[in-house]
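Containing PDB, C-alpha atoms: structure_3.pdb.
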```
MODEL        1
ATOM      1  CA  MET X   1    -125.851-157.882 -45.231
ATOM      2  CA  LYS X   2    -126.566-160.910 -43.026
ATOM      3  CA  ASN X   3    -130.199-159.869 -42.540
ATOM      4  CA  LEU X   4    -130.787-160.073 -46.288
ATOM      5  CA  ILE X   5    -130.272-163.825 -46.443
ATOM      6  CA  SER X   6    -133.499-165.444 -47.604
ATOM      7  CA  LEU X   7    -135.149-167.623 -44.977
ATOM      8  CA  ASN X   8    -137.881-169.068 -47.194
ATOM      9  CA  TRP X   9    -136.402-172.562 -46.875
ATOM     10  CA  ARG X  10    -137.280-172.577 -43.165
ATOM     11  CA  SER X  11    -141.016-172.462 -43.788
ATOM     12  CA  LYS X  12    -140.620-175.168 -46.435
ATOM     13  CA  LEU X  13    -138.799-177.452 -43.995
ATOM     14  CA  GLU X  14    -141.219-176.791 -41.162
ATOM     15  CA  GLY X  15    -144.071-177.890 -43.411
ATOM     16  CA  MET X  16    -142.542-181.306 -44.066
ATOM     17  CA  GLU X  17    -143.824-184.272 -42.056
ATOM     18  CA  ASN X  18    -140.442-185.865 -41.351
ATOM     19  CA  VAL X  19    -138.717-182.738 -39.992
ATOM     20  CA  ASN X  20    -138.025-182.264 -36.289
ATOM     21  CA  PHE X  21    -137.053-178.731 -35.337
ATOM     22  CA  LEU X  22    -136.626-176.461 -32.345
ATOM     23  CA  ASN X  23    -137.269-172.740 -32.833
ATOM     24  CA  ASP X  24    -135.270-171.352 -35.786
ATOM     25  CA  ASP X  25    -132.051-172.839 -34.489
ATOM     26  CA  TYR X  26    -132.047-176.579 -35.078
ATOM     27  CA  TYR X  27    -133.521-178.862 -37.748
ATOM     28  CA  ILE X  28    -133.063-182.575 -38.345
ATOM     29  CA  TYR X  29    -134.731-184.634 -41.058
ATOM     30  CA  ARG X  30    -134.318-187.711 -43.213
ATOM     31  CA  ASN X  31    -134.364-187.349 -46.962
ATOM     32  CA  GLU X  32    -134.409-190.103 -49.560
ATOM     33  CA  LYS X  33    -133.516-187.893 -52.497
ATOM     34  CA  VAL X  34    -131.526-184.697 -53.037
ATOM     35  CA  GLU X  35    -132.679-182.951 -56.173
ATOM     36  CA  PRO X  36    -129.807-181.151 -57.938
ATOM     37  CA  HIS X  37    -130.355-177.388 -57.778
ATOM     38  CA  THR X  38    -130.577-175.308 -60.930
ATOM     39  CA  GLY X  39    -127.695-173.177 -59.685
ATOM     40  CA  PRO X  40    -125.377-172.495 -56.762
ATOM     41  CA  PHE X  41    -126.883-171.511 -53.424
ATOM     42  CA  LYS X  42    -125.776-170.608 -49.922
ATOM     43  CA  MET X  43    -127.371-170.820 -46.481
ATOM     44  CA  ASP X  44    -126.948-169.112 -43.127
ATOM     45  CA  MET X  45    -126.784-172.427 -41.255
ATOM     46  CA  THR X  46    -124.186-175.118 -40.632
ATOM     47  CA  ILE X  47    -125.272-178.223 -42.561
ATOM     48  CA  CYS X  48    -124.240-181.729 -41.511
ATOM     49  CA  GLY X  49    -125.250-184.372 -44.020
ATOM     50  CA  ILE X  50    -124.984-188.047 -43.095
ATOM     51  CA  CYS X  51    -125.038-190.224 -46.214
ATOM     52  CA  LEU X  52    -126.701-193.562 -45.419
ATOM     53  CA  LYS X  53    -127.052-194.978 -48.945
ATOM     54  CA  GLY X  54    -125.922-194.046 -52.437
ATOM     55  CA  GLU X  55    -123.676-191.186 -53.442
ATOM     56  CA  SER X  56    -123.717-187.487 -54.285
ATOM     57  CA  LYS X  57    -121.328-185.120 -56.071
ATOM     58  CA  GLY X  58    -120.938-181.377 -56.265
ATOM     59  CA  ARG X  59    -118.752-178.453 -55.228
ATOM     60  CA  VAL X  60    -118.363-176.363 -52.073
ATOM     61  CA  ASP X  61    -116.717-172.984 -52.704
ATOM     62  CA  MET X  62    -115.626-174.342 -56.099
ATOM     63  CA  ILE X  63    -113.853-177.329 -54.493
ATOM     64  CA  PRO X  64    -115.226-180.650 -55.857
ATOM     65  CA  PHE X  65    -116.577-183.175 -53.380
ATOM     66  CA  GLU X  66    -117.834-186.734 -53.656
ATOM     67  CA  ILE X  67    -119.701-188.423 -50.834
ATOM     68  CA  LYS X  68    -120.346-192.177 -50.770
ATOM     69  CA  ALA X  69    -122.182-194.024 -48.010
ATOM     70  CA  PRO X  70    -121.418-194.272 -45.203
ATOM     71  CA  ALA X  71    -119.996-190.766 -44.846
ATOM     72  CA  ILE X  72    -120.644-187.329 -43.396
ATOM     73  CA  SER X  73    -120.229-183.902 -44.963
ATOM     74  CA  ILE X  74    -120.226-180.467 -43.368
ATOM     75  CA  VAL X  75    -120.953-177.132 -45.040
ATOM     76  CA  LEU X  76    -120.361-173.947 -43.059
ATOM     77  CA  PRO X  77    -122.561-170.814 -43.111
ATOM     78  CA  GLY X  78    -121.981-168.694 -46.201
ATOM     79  CA  GLN X  79    -120.214-171.380 -48.223
ATOM     80  CA  ILE X  80    -121.474-171.738 -51.777
ATOM     81  CA  ILE X  81    -122.953-175.147 -52.561
ATOM     82  CA  GLU X  82    -123.467-176.727 -55.983
ATOM     83  CA  HIS X  83    -125.225-180.093 -56.236
ATOM     84  CA  GLU X  84    -124.362-181.779 -59.516
ATOM     85  CA  TYR X  85    -125.379-185.423 -59.080
ATOM     86  CA  CYS X  86    -127.300-187.654 -56.705
ATOM     87  CA  SER X  87    -127.791-191.404 -57.192
ATOM     88  CA  ASP X  88    -131.315-192.831 -57.330
ATOM     89  CA  ASP X  89    -130.743-194.881 -54.189
ATOM     90  CA  PHE X  90    -129.492-191.905 -52.152
ATOM     91  CA  GLU X  91    -130.670-191.649 -48.560
ATOM     92  CA  GLY X  92    -129.408-189.295 -45.888
ATOM     93  CA  ILE X  93    -130.031-187.429 -42.652
ATOM     94  CA  TYR X  94    -129.562-183.659 -42.559
ATOM     95  CA  ILE X  95    -128.872-181.534 -39.496
ATOM     96  CA  LEU X  96    -129.079-177.743 -39.791
ATOM     97  CA  MET X  97    -127.811-175.494 -36.988
ATOM     98  CA  SER X  98    -127.998-171.702 -36.748
ATOM     99  CA  GLU X  99    -125.009-169.509 -35.901
ATOM    100  CA  ARG X 100    -126.737-168.615 -32.637
ATOM    101  CA  PHE X 101    -126.985-172.300 -31.738
ATOM    102  CA  ASN X 102    -123.336-172.924 -32.662
ATOM    103  CA  GLU X 103    -122.155-169.970 -30.591
ATOM    104  CA  GLY X 104    -124.071-171.379 -27.622
ATOM    105  CA  LEU X 105    -122.011-174.569 -27.800
ATOM    106  CA  ASN X 106    -118.971-172.608 -26.545
ATOM    107  CA  LEU X 107    -116.520-174.955 -28.223
ATOM    108  CA  PRO X 108    -112.888-173.838 -27.711
ATOM    109  CA  ASP X 109    -111.034-172.266 -30.645
ATOM    110  CA  ARG X 110    -108.573-175.130 -30.798
ATOM    111  CA  PHE X 111    -111.460-177.447 -31.652
ATOM    112  CA  SER X 112    -112.609-175.234 -34.513
ATOM    113  CA  ASN X 113    -109.092-175.351 -35.979
ATOM    114  CA  PHE X 114    -108.888-179.050 -35.207
ATOM    115  CA  LEU X 115    -111.988-179.774 -37.219
ATOM    116  CA  SER X 116    -110.821-177.786 -40.295
ATOM    117  CA  VAL X 117    -113.873-178.706 -42.333
ATOM    118  CA  ARG X 118    -113.190-176.114 -45.002
ATOM    119  CA  ASN X 119    -110.319-178.245 -46.253
ATOM    120  CA  LYS X 120    -111.986-181.600 -45.548
ATOM    121  CA  PRO X 121    -115.750-181.212 -46.060
ATOM    122  CA  VAL X 122    -116.342-184.972 -46.407
ATOM    123  CA  VAL X 123    -115.159-187.899 -44.290
ATOM    124  CA  SER X 124    -115.949-191.579 -44.741
ATOM    125  CA  LEU X 125    -117.327-193.449 -41.737
ATOM    126  CA  THR X 126    -116.944-196.989 -40.502
ATOM    127  CA  ASP X 127    -120.112-198.858 -39.573
ATOM    128  CA  LYS X 128    -119.289-198.259 -35.901
ATOM    129  CA  GLN X 129    -118.868-194.520 -36.458
ATOM    130  CA  LEU X 130    -122.117-194.392 -38.421
ATOM    131  CA  ASP X 131    -123.934-196.125 -35.557
ATOM    132  CA  ALA X 132    -122.626-193.440 -33.182
ATOM    133  CA  MET X 133    -123.950-190.702 -35.502
ATOM    134  CA  LEU X 134    -127.343-192.389 -35.769
ATOM    135  CA  THR X 135    -127.533-192.740 -31.976
ATOM    136  CA  TYR X 136    -127.037-188.979 -31.661
ATOM    137  CA  CYS X 137    -129.741-188.308 -34.277
ATOM    138  CA  LYS X 138    -132.229-190.613 -32.553
ATOM    139  CA  MET X 139    -131.590-189.055 -29.140
ATOM    140  CA  VAL X 140    -132.050-185.530 -30.495
ATOM    141  CA  GLN X 141    -135.274-186.438 -32.302
ATOM    142  CA  ASN X 142    -136.679-187.999 -29.129
ATOM    143  CA  VAL X 143    -135.818-184.885 -27.104
ATOM    144  CA  ILE X 144    -137.458-182.537 -29.622
ATOM    145  CA  LYS X 145    -140.684-184.567 -29.554
ATOM    146  CA  VAL X 146    -141.130-184.013 -25.790
ATOM    147  CA  THR X 147    -142.635-180.573 -26.311
ATOM    148  CA  ASP X 148    -143.456-179.902 -22.647
ATOM    149  CA  ASN X 149    -139.815-180.238 -21.571
ATOM    150  CA  PRO X 150    -138.478-176.705 -20.893
ATOM    151  CA  ASN X 151    -134.883-177.953 -21.055
ATOM    152  CA  ARG X 152    -134.989-179.317 -24.592
ATOM    153  CA  MET X 153    -132.543-176.773 -26.007
ATOM    154  CA  GLU X 154    -129.996-177.339 -23.247
ATOM    155  CA  ILE X 155    -130.205-181.106 -23.684
ATOM    156  CA  ILE X 156    -129.722-180.840 -27.454
ATOM    157  CA  ARG X 157    -126.843-178.426 -26.915
ATOM    158  CA  HIS X 158    -124.971-180.869 -24.690
ATOM    159  CA  LEU X 159    -125.665-183.796 -27.018
ATOM    160  CA  THR X 160    -124.353-181.734 -29.927
ATOM    161  CA  ILE X 161    -121.161-180.794 -28.072
ATOM    162  CA  ALA X 162    -120.423-184.498 -27.670
ATOM    163  CA  PHE X 163    -121.345-185.043 -31.334
ATOM    164  CA  PHE X 164    -118.880-182.387 -32.516
ATOM    165  CA  TYR X 165    -116.051-183.640 -30.344
ATOM    166  CA  GLY X 166    -116.532-187.117 -31.771
ATOM    167  CA  LEU X 167    -116.737-185.702 -35.283
ATOM    168  CA  GLY X 168    -113.549-183.712 -34.762
ATOM    169  CA  TYR X 169    -111.758-186.929 -33.849
ATOM    170  CA  TYR X 170    -112.880-188.568 -37.098
ATOM    171  CA  PHE X 171    -111.691-185.577 -39.155
ATOM    172  CA  HIS X 172    -108.382-185.487 -37.286
ATOM    173  CA  LYS X 173    -107.711-189.119 -38.208
ATOM    174  CA  LEU X 174    -107.918-188.377 -41.940
ATOM    175  CA  PRO X 175    -104.587-188.841 -43.724
ATOM    176  CA  ASP X 176    -103.029-185.669 -45.097
ATOM    177  CA  GLY X 177    -102.563-187.367 -48.454
ATOM    178  CA  VAL X 178     -99.891-186.789 -51.083
ATOM    179  CA  LYS X 179     -97.527-183.892 -50.478
ATOM    180  CA  GLU X 180     -98.472-180.844 -52.540
ATOM    181  CA  THR X 181     -96.144-179.303 -55.095
ATOM    182  CA  ARG X 182     -95.151-175.635 -54.761
ATOM    183  CA  SER X 183     -97.551-174.766 -57.577
ATOM    184  CA  GLU X 184    -100.416-176.581 -55.845
ATOM    185  CA  VAL X 185     -99.672-174.786 -52.569
ATOM    186  CA  LEU X 186     -99.716-171.467 -54.421
ATOM    187  CA  MET X 187    -102.969-172.432 -56.146
ATOM    188  CA  ARG X 188    -104.591-173.272 -52.816
ATOM    189  CA  ASN X 189    -103.375-170.046 -51.191
ATOM    190  CA  PHE X 190    -104.528-168.010 -54.183
ATOM    191  CA  LEU X 191    -108.037-169.483 -54.034
ATOM    192  CA  LYS X 192    -108.180-168.770 -50.292
ATOM    193  CA  GLN X 193    -107.370-165.127 -51.024
ATOM    194  CA  VAL X 194    -110.005-164.993 -53.764
ATOM    195  CA  GLN X 195    -112.563-166.497 -51.411
ATOM    196  CA  ALA X 196    -111.741-163.886 -48.771
ATOM    197  CA  PHE X 197    -111.543-160.777 -50.974
ATOM    198  CA  HIS X 198    -113.554-161.396 -54.162
ATOM    199  CA  LYS X 199    -116.280-159.027 -52.985
ATOM    200  CA  GLN X 200    -113.800-156.160 -52.770
ATOM    201  CA  GLU X 201    -111.202-156.865 -55.456
ATOM    202  CA  ARG X 202    -111.243-158.361 -58.944
ATOM    203  CA  LYS X 203    -107.747-157.359 -60.101
ATOM    204  CA  VAL X 204    -104.980-159.951 -60.413
ATOM    205  CA  GLU X 205    -102.485-157.349 -59.164
ATOM    206  CA  PHE X 206    -104.222-157.212 -55.777
ATOM    207  CA  TYR X 207    -103.893-160.964 -55.221
ATOM    208  CA  ALA X 208    -100.318-161.036 -56.501
ATOM    209  CA  ASP X 209     -99.451-158.337 -53.978
ATOM    210  CA  ARG X 210    -101.149-160.288 -51.188
ATOM    211  CA  LEU X 211     -99.016-163.315 -52.075
ATOM    212  CA  CYS X 212     -95.818-161.249 -52.542
ATOM    213  CA  LEU X 213     -95.533-162.275 -56.193
ATOM    214  CA  SER X 214     -95.511-160.531 -59.539
ATOM    215  CA  PRO X 215     -98.838-160.619 -61.418
ATOM    216  CA  LYS X 216     -97.098-162.334 -64.353
ATOM    217  CA  TYR X 217     -95.643-165.129 -62.215
ATOM    218  CA  LEU X 218     -98.945-165.658 -60.395
ATOM    219  CA  SER X 219    -100.914-165.858 -63.643
ATOM    220  CA  GLN X 220     -98.430-168.231 -65.290
ATOM    221  CA  THR X 221     -98.328-170.553 -62.280
ATOM    222  CA  ILE X 222    -102.109-170.649 -61.856
ATOM    223  CA  LYS X 223    -102.550-171.285 -65.587
ATOM    224  CA  SER X 224    -100.044-174.156 -65.647
ATOM    225  CA  CYS X 225    -101.518-175.691 -62.498
ATOM    226  CA  SER X 226    -105.224-175.435 -63.328
ATOM    227  CA  GLY X 227    -105.634-174.637 -67.007
ATOM    228  CA  LYS X 228    -107.321-171.332 -66.114
ATOM    229  CA  THR X 229    -105.760-167.918 -65.657
ATOM    230  CA  ALA X 230    -105.878-166.124 -62.316
ATOM    231  CA  GLY X 231    -108.327-163.639 -63.818
ATOM    232  CA  GLU X 232    -110.631-166.435 -64.961
ATOM    233  CA  TRP X 233    -110.663-167.908 -61.435
ATOM    234  CA  ILE X 234    -111.528-164.508 -59.969
ATOM    235  CA  ASP X 235    -114.327-164.007 -62.490
ATOM    236  CA  GLU X 236    -115.674-167.505 -61.856
ATOM    237  CA  TYR X 237    -115.823-166.966 -58.115
ATOM    238  CA  VAL X 238    -117.499-163.540 -58.426
ATOM    239  CA  ALA X 239    -120.050-165.011 -60.845
ATOM    240  CA  LEU X 240    -120.658-167.927 -58.489
ATOM    241  CA  GLU X 241    -121.238-165.538 -55.582
ATOM    242  CA  ALA X 242    -123.580-163.422 -57.699
ATOM    243  CA  LYS X 243    -125.588-166.488 -58.759
ATOM    244  CA  ALA X 244    -125.892-167.649 -55.159
ATOM    245  CA  LEU X 245    -127.086-164.223 -54.016
ATOM    246  CA  LEU X 246    -129.594-164.018 -56.876
ATOM    247  CA  ARG X 247    -131.066-167.443 -56.090
ATOM    248  CA  SER X 248    -130.694-167.593 -52.294
ATOM    249  CA  THR X 249    -131.499-164.089 -51.042
ATOM    250  CA  ASN X 250    -134.133-161.382 -51.360
ATOM    251  CA  MET X 251    -131.511-158.753 -52.190
ATOM    252  CA  THR X 252    -132.264-156.509 -55.154
ATOM    253  CA  ILE X 253    -129.937-156.574 -58.151
ATOM    254  CA  GLN X 254    -128.688-153.138 -57.108
ATOM    255  CA  GLN X 255    -127.911-154.415 -53.608
ATOM    256  CA  ILE X 256    -126.068-157.428 -55.009
ATOM    257  CA  GLY X 257    -124.009-155.135 -57.240
ATOM    258  CA  ASP X 258    -123.177-153.010 -54.199
ATOM    259  CA  GLU X 259    -122.327-156.115 -52.152
ATOM    260  CA  LEU X 260    -119.851-157.180 -54.846
ATOM    261  CA  ASN X 261    -118.353-153.676 -55.088
ATOM    262  CA  PHE X 262    -119.495-152.776 -58.601
ATOM    263  CA  PRO X 263    -119.723-149.035 -59.340
ATOM    264  CA  SER X 264    -123.274-149.335 -60.687
ATOM    265  CA  GLN X 265    -126.073-151.798 -61.380
ATOM    266  CA  SER X 266    -125.424-151.358 -65.097
ATOM    267  CA  PHE X 267    -121.752-152.276 -64.720
ATOM    268  CA  PHE X 268    -122.669-155.320 -62.652
ATOM    269  CA  GLY X 269    -125.263-156.382 -65.238
ATOM    270  CA  LYS X 270    -122.773-156.175 -68.112
ATOM    271  CA  TYR X 271    -120.143-158.083 -66.132
ATOM    272  CA  PHE X 272    -122.611-160.822 -65.180
ATOM    273  CA  LYS X 273    -123.923-161.163 -68.740
ATOM    274  CA  ARG X 274    -120.395-161.384 -70.152
ATOM    275  CA  LEU X 275    -119.658-164.330 -67.874
ATOM    276  CA  THR X 276    -123.003-166.154 -67.943
ATOM    277  CA  GLY X 277    -124.670-165.130 -71.184
ATOM    278  CA  MET X 278    -127.746-163.735 -69.424
ATOM    279  CA  SER X 279    -128.741-160.742 -67.344
ATOM    280  CA  PRO X 280    -129.035-160.958 -63.538
ATOM    281  CA  LYS X 281    -132.800-160.519 -63.855
ATOM    282  CA  ALA X 282    -133.113-163.353 -66.390
ATOM    283  CA  TYR X 283    -130.970-165.650 -64.239
ATOM    284  CA  ARG X 284    -133.095-164.959 -61.159
ATOM    285  CA  GLU X 285    -136.312-165.717 -63.046
TER
ENDMDL
END
```

This structure in structure tokens:
Amino acid sequence: MKNLISLNWRSKLEGMENVNFLNDDYYIYRNEKVEPHTGPFKMDMTICGICLKGESKGRVDMIPFEIKAPAISIVLPGQIIEHEYCSDDFEGIYILMSERFNEGLNLPDRFSNFLSVRNKPVVSLTDKQLDAMLTYCKMVQNVIKVTDNPNRMEIIRHLTIAFFYGLGYYFHKLPDGVKETRSEVLMRNFLKQVQAFHKQERKVEFYADRLCLSPKYLSQTIKSCSGKTAGEWIDEYVALEAKALLRSTNMTIQQIGDELNFPSQSFFGKYFKRLTGMSPKAYRE
């Protein structure tokens, strides 16, 4: 379904005066305000956001985040983003990179694991680290502006490799924090399973089996840990995915129902309305 991802945002970005971009693979721009979206959305690009001033709050794949300057956040392709708050003095630089561009970086697998941005989407920066990030941004912008240079993409690629290695070091230095309880570990593992399989399965029994637990024990533990039942978490994630697909893609409602493994468009519509109070069509409009 990758080809169904809406790319309308590209033309919007390319029409902005302060955006530097190269083909459909790399965008960098400065933004003085992030308007909260009316609903969750997802993109087919890696997004690096460098917060220069102010603060912003939201959720990535239902995990709350808070970013305060100076800091950097990373959202991976396909992750569901919800912007909930942005301060009036917010200012940031955004870098968007396509999967094709990322694959061309040829970073070793150990670095991808090393970075582990899914668990740590935000990291605070020292002034020295921020200066290093801004130096990278300035160099890339200067390269993009030299339009008659046939090696622009290769230069940006090599600059970005250095950028990611430096970024990985910053993420690696983050403290692991307070040791999790057994219930919190189970909660985290459960949500990982829901994230991976919510398009195929909505039954608590499936996830209990994946975790080698009884459905009753799983539900009780998740309820005591989070205040929500396992079934409520599954429903919330499916609804979140459906909202993102309705707002961020050109897929029909039938296609979205198929993507989420509903037996019919009617069944999907009833499920969505039960959770959100409106039909998929009304939500999209």

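Across the chains present, the PyMOL selection byres ((chain X and resi 105) around 12) applied to this file returns Met97, Ser98, Glu99, Arg100, Phe101, Asn102, Glu103, Gly104, Asn106, Leu107, Pro108, Asp109, Phe111, Ser112, Met153, Glu154, Ile155, Ile156, Arg157, His158, Leu159, Thr160, Ile161, Ala162, Phe163, Phe164 and Tyr165 of chain X.
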
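Note that the spacing between CA of Asp258 (chain X) and CA of Gln200 (chain X) amounts to 10.0 Å.
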
Could you tell me which residues the PyMOL selection byres ((chain X and resi 244) around 9) grabs in this file, written as a PDB file with C-alpha atoms, keeping the file's coordinate frame?
```
ATOM      1  CA  GLY X  39    -127.695-173.177 -59.685  1.00  0.00           C
ATOM      2  CA  PRO X  40    -125.377-172.495 -56.762  1.00  0.00           C
ATOM      3  CA  PHE X  41    -126.883-171.511 -53.424  1.00  0.00           C
ATOM      4  CA  LYS X  42    -125.776-170.608 -49.922  1.00  0.00           C
ATOM      5  CA  ILE X  80    -121.474-171.738 -51.777  1.00  0.00           C
ATOM      6  CA  ILE X  81    -122.953-175.147 -52.561  1.00  0.00           C
ATOM      7  CA  ALA X 239    -120.050-165.011 -60.845  1.00  0.00           C
ATOM      8  CA  LEU X 240    -120.658-167.927 -58.489  1.00  0.00           C
ATOM      9  CA  GLU X 241    -121.238-165.538 -55.582  1.00  0.00           C
ATOM     10  CA  ALA X 242    -123.580-163.422 -57.699  1.00  0.00           C
ATOM     11  CA  LYS X 243    -125.588-166.488 -58.759  1.00  0.00           C
ATOM     12  CA  LEU X 245    -127.086-164.223 -54.016  1.00  0.00           C
ATOM     13  CA  LEU X 246    -129.594-164.018 -56.876  1.00  0.00           C
ATOM     14  CA  ARG X 247    -131.066-167.443 -56.090  1.00  0.00           C
ATOM     15  CA  SER X 248    -130.694-167.593 -52.294  1.00  0.00           C
ATOM     16  CA  THR X 249    -131.499-164.089 -51.042  1.00  0.00           C
TER      17      THR X 249
END
```

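Distances from X:Glu285, X:Tyr217, X:Val146, X:Cys225 to Arg188 (chain X) were compared using only C-alpha atoms, and the smallest one belongs to X:Cys225.
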
Output of the PyMOL selection byres ((chain X and resi 234) around 12), listed as a ChimeraX atom specification: /X:62,190-207,219,222,228-233,235-241,275

Pick from X:Lys120, X:Lys223, X:Lys281, X:His83 nearest to Arg59 (chain X), counting all atoms listed in the file: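 Closest candidate: X:His83.
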
Contacts of Gln254 (chain X) within 12 Å, all atoms listed in the file, excl. fewer than 2 positions in-chain, as a list in words: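 My list of contacting residues is Ala242, Leu245, Leu246, Asn250, Met251, Thr252, Ile256, Gly257, Asp258, Glu259, Leu260, Asn261, Phe262, Pro263, Ser264, Gln265, Ser266, Phe267, Phe268, Gly269, Pro280 and Lys281 of chain X.
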
Output the selection as a compact mmCIF listing (two decimals), keeping the file's coordinate frame - C-alpha atoms for each residue.
```txt
# COMPACT_ATOMS: atom_id res chain seq x y z
CA ALA X 242 -123.58 -163.42 -57.70
CA LEU X 245 -127.09 -164.22 -54.02
CA LEU X 246 -129.59 -164.02 -56.88
CA ASN X 250 -134.13 -161.38 -51.36
CA MET X 251 -131.51 -158.75 -52.19
CA THR X 252 -132.26 -156.51 -55.15
CA ILE X 256 -126.07 -157.43 -55.01
CA GLY X 257 -124.01 -155.14 -57.24
CA ASP X 258 -123.18 -153.01 -54.20
CA GLU X 259 -122.33 -156.12 -52.15
CA LEU X 260 -119.85 -157.18 -54.85
CA ASN X 261 -118.35 -153.68 -55.09
CA PHE X 262 -119.50 -152.78 -58.60
CA PRO X 263 -119.72 -149.04 -59.34
CA SER X 264 -123.27 -149.34 -60.69
CA GLN X 265 -126.07 -151.80 -61.38
CA SER X 266 -125.42 -151.36 -65.10
CA PHE X 267 -121.75 -152.28 -64.72
CA PHE X 268 -122.67 -155.32 -62.65
CA GLY X 269 -125.26 -156.38 -65.24
CA PRO X 280 -129.04 -160.96 -63.54
CA LYS X 281 -132.80 -160.52 -63.86
```

d(CA of Met16 (chain X), CA of Gly54 (chain X)) in Å: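 Spanning CA of Met16 (chain X) to CA of Gly54 (chain X) is a straight-line distance of 22.6 Å.
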
Neighbour list for Asn31 (chain X) as a PyMOL selection string, cut-off 12 Å, all atoms listed in the file, skip fewer than 2 positions in-chain: chain X and resi 13+16-19+28-29+33-35+49-53+89-95

Shortest interatomic distance to Lys68 (chain X) - which of X:Asp131, X:Leu125, X:Lys216, X:Cys48, counting only C-alpha atoms: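 Of X:Asp131, X:Leu125, X:Lys216, X:Cys48, the one nearest Lys68 (chain X), counting only C-alpha atoms, is X:Leu125.
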
Return region 232-243 of chain X, completed with N, CA and C atoms, as a short mmCIF file (atom, residue, chain, number, x, y, z; two decimals), in the coordinates of the input.
```
data_model
loop_
_atom_site.label_atom_id
_atom_site.label_comp_id
_atom_site.auth_asym_id
_atom_site.auth_seq_id
_atom_site.Cartn_x
_atom_site.Cartn_y
_atom_site.Cartn_z
N GLU X 232 -109.46 -165.57 -64.73
CA GLU X 232 -110.63 -166.44 -64.96
C GLU X 232 -111.15 -167.03 -63.65
N TRP X 233 -110.23 -167.39 -62.74
CA TRP X 233 -110.66 -167.91 -61.44
C TRP X 233 -111.39 -166.83 -60.64
N ILE X 234 -110.88 -165.61 -60.69
CA ILE X 234 -111.53 -164.51 -59.97
C ILE X 234 -112.92 -164.28 -60.53
N ASP X 235 -113.02 -164.21 -61.86
CA ASP X 235 -114.33 -164.01 -62.49
C ASP X 235 -115.30 -165.13 -62.14
N GLU X 236 -114.80 -166.37 -62.15
CA GLU X 236 -115.67 -167.50 -61.86
C GLU X 236 -116.22 -167.42 -60.44
N TYR X 237 -115.36 -167.02 -59.50
CA TYR X 237 -115.82 -166.97 -58.12
C TYR X 237 -116.81 -165.82 -57.91
N VAL X 238 -116.56 -164.67 -58.53
CA VAL X 238 -117.50 -163.54 -58.43
C VAL X 238 -118.84 -163.92 -59.04
N ALA X 239 -118.81 -164.58 -60.20
CA ALA X 239 -120.05 -165.01 -60.84
C ALA X 239 -120.79 -166.02 -59.98
N LEU X 240 -120.05 -166.93 -59.37
CA LEU X 240 -120.66 -167.93 -58.49
C LEU X 240 -121.34 -167.26 -57.30
N GLU X 241 -120.66 -166.29 -56.71
CA GLU X 241 -121.24 -165.54 -55.58
C GLU X 241 -122.49 -164.79 -56.02
N ALA X 242 -122.43 -164.16 -57.19
CA ALA X 242 -123.58 -163.42 -57.70
C ALA X 242 -124.77 -164.35 -57.94
N LYS X 243 -124.51 -165.52 -58.53
CA LYS X 243 -125.59 -166.49 -58.76
C LYS X 243 -126.22 -166.94 -57.45
#
```
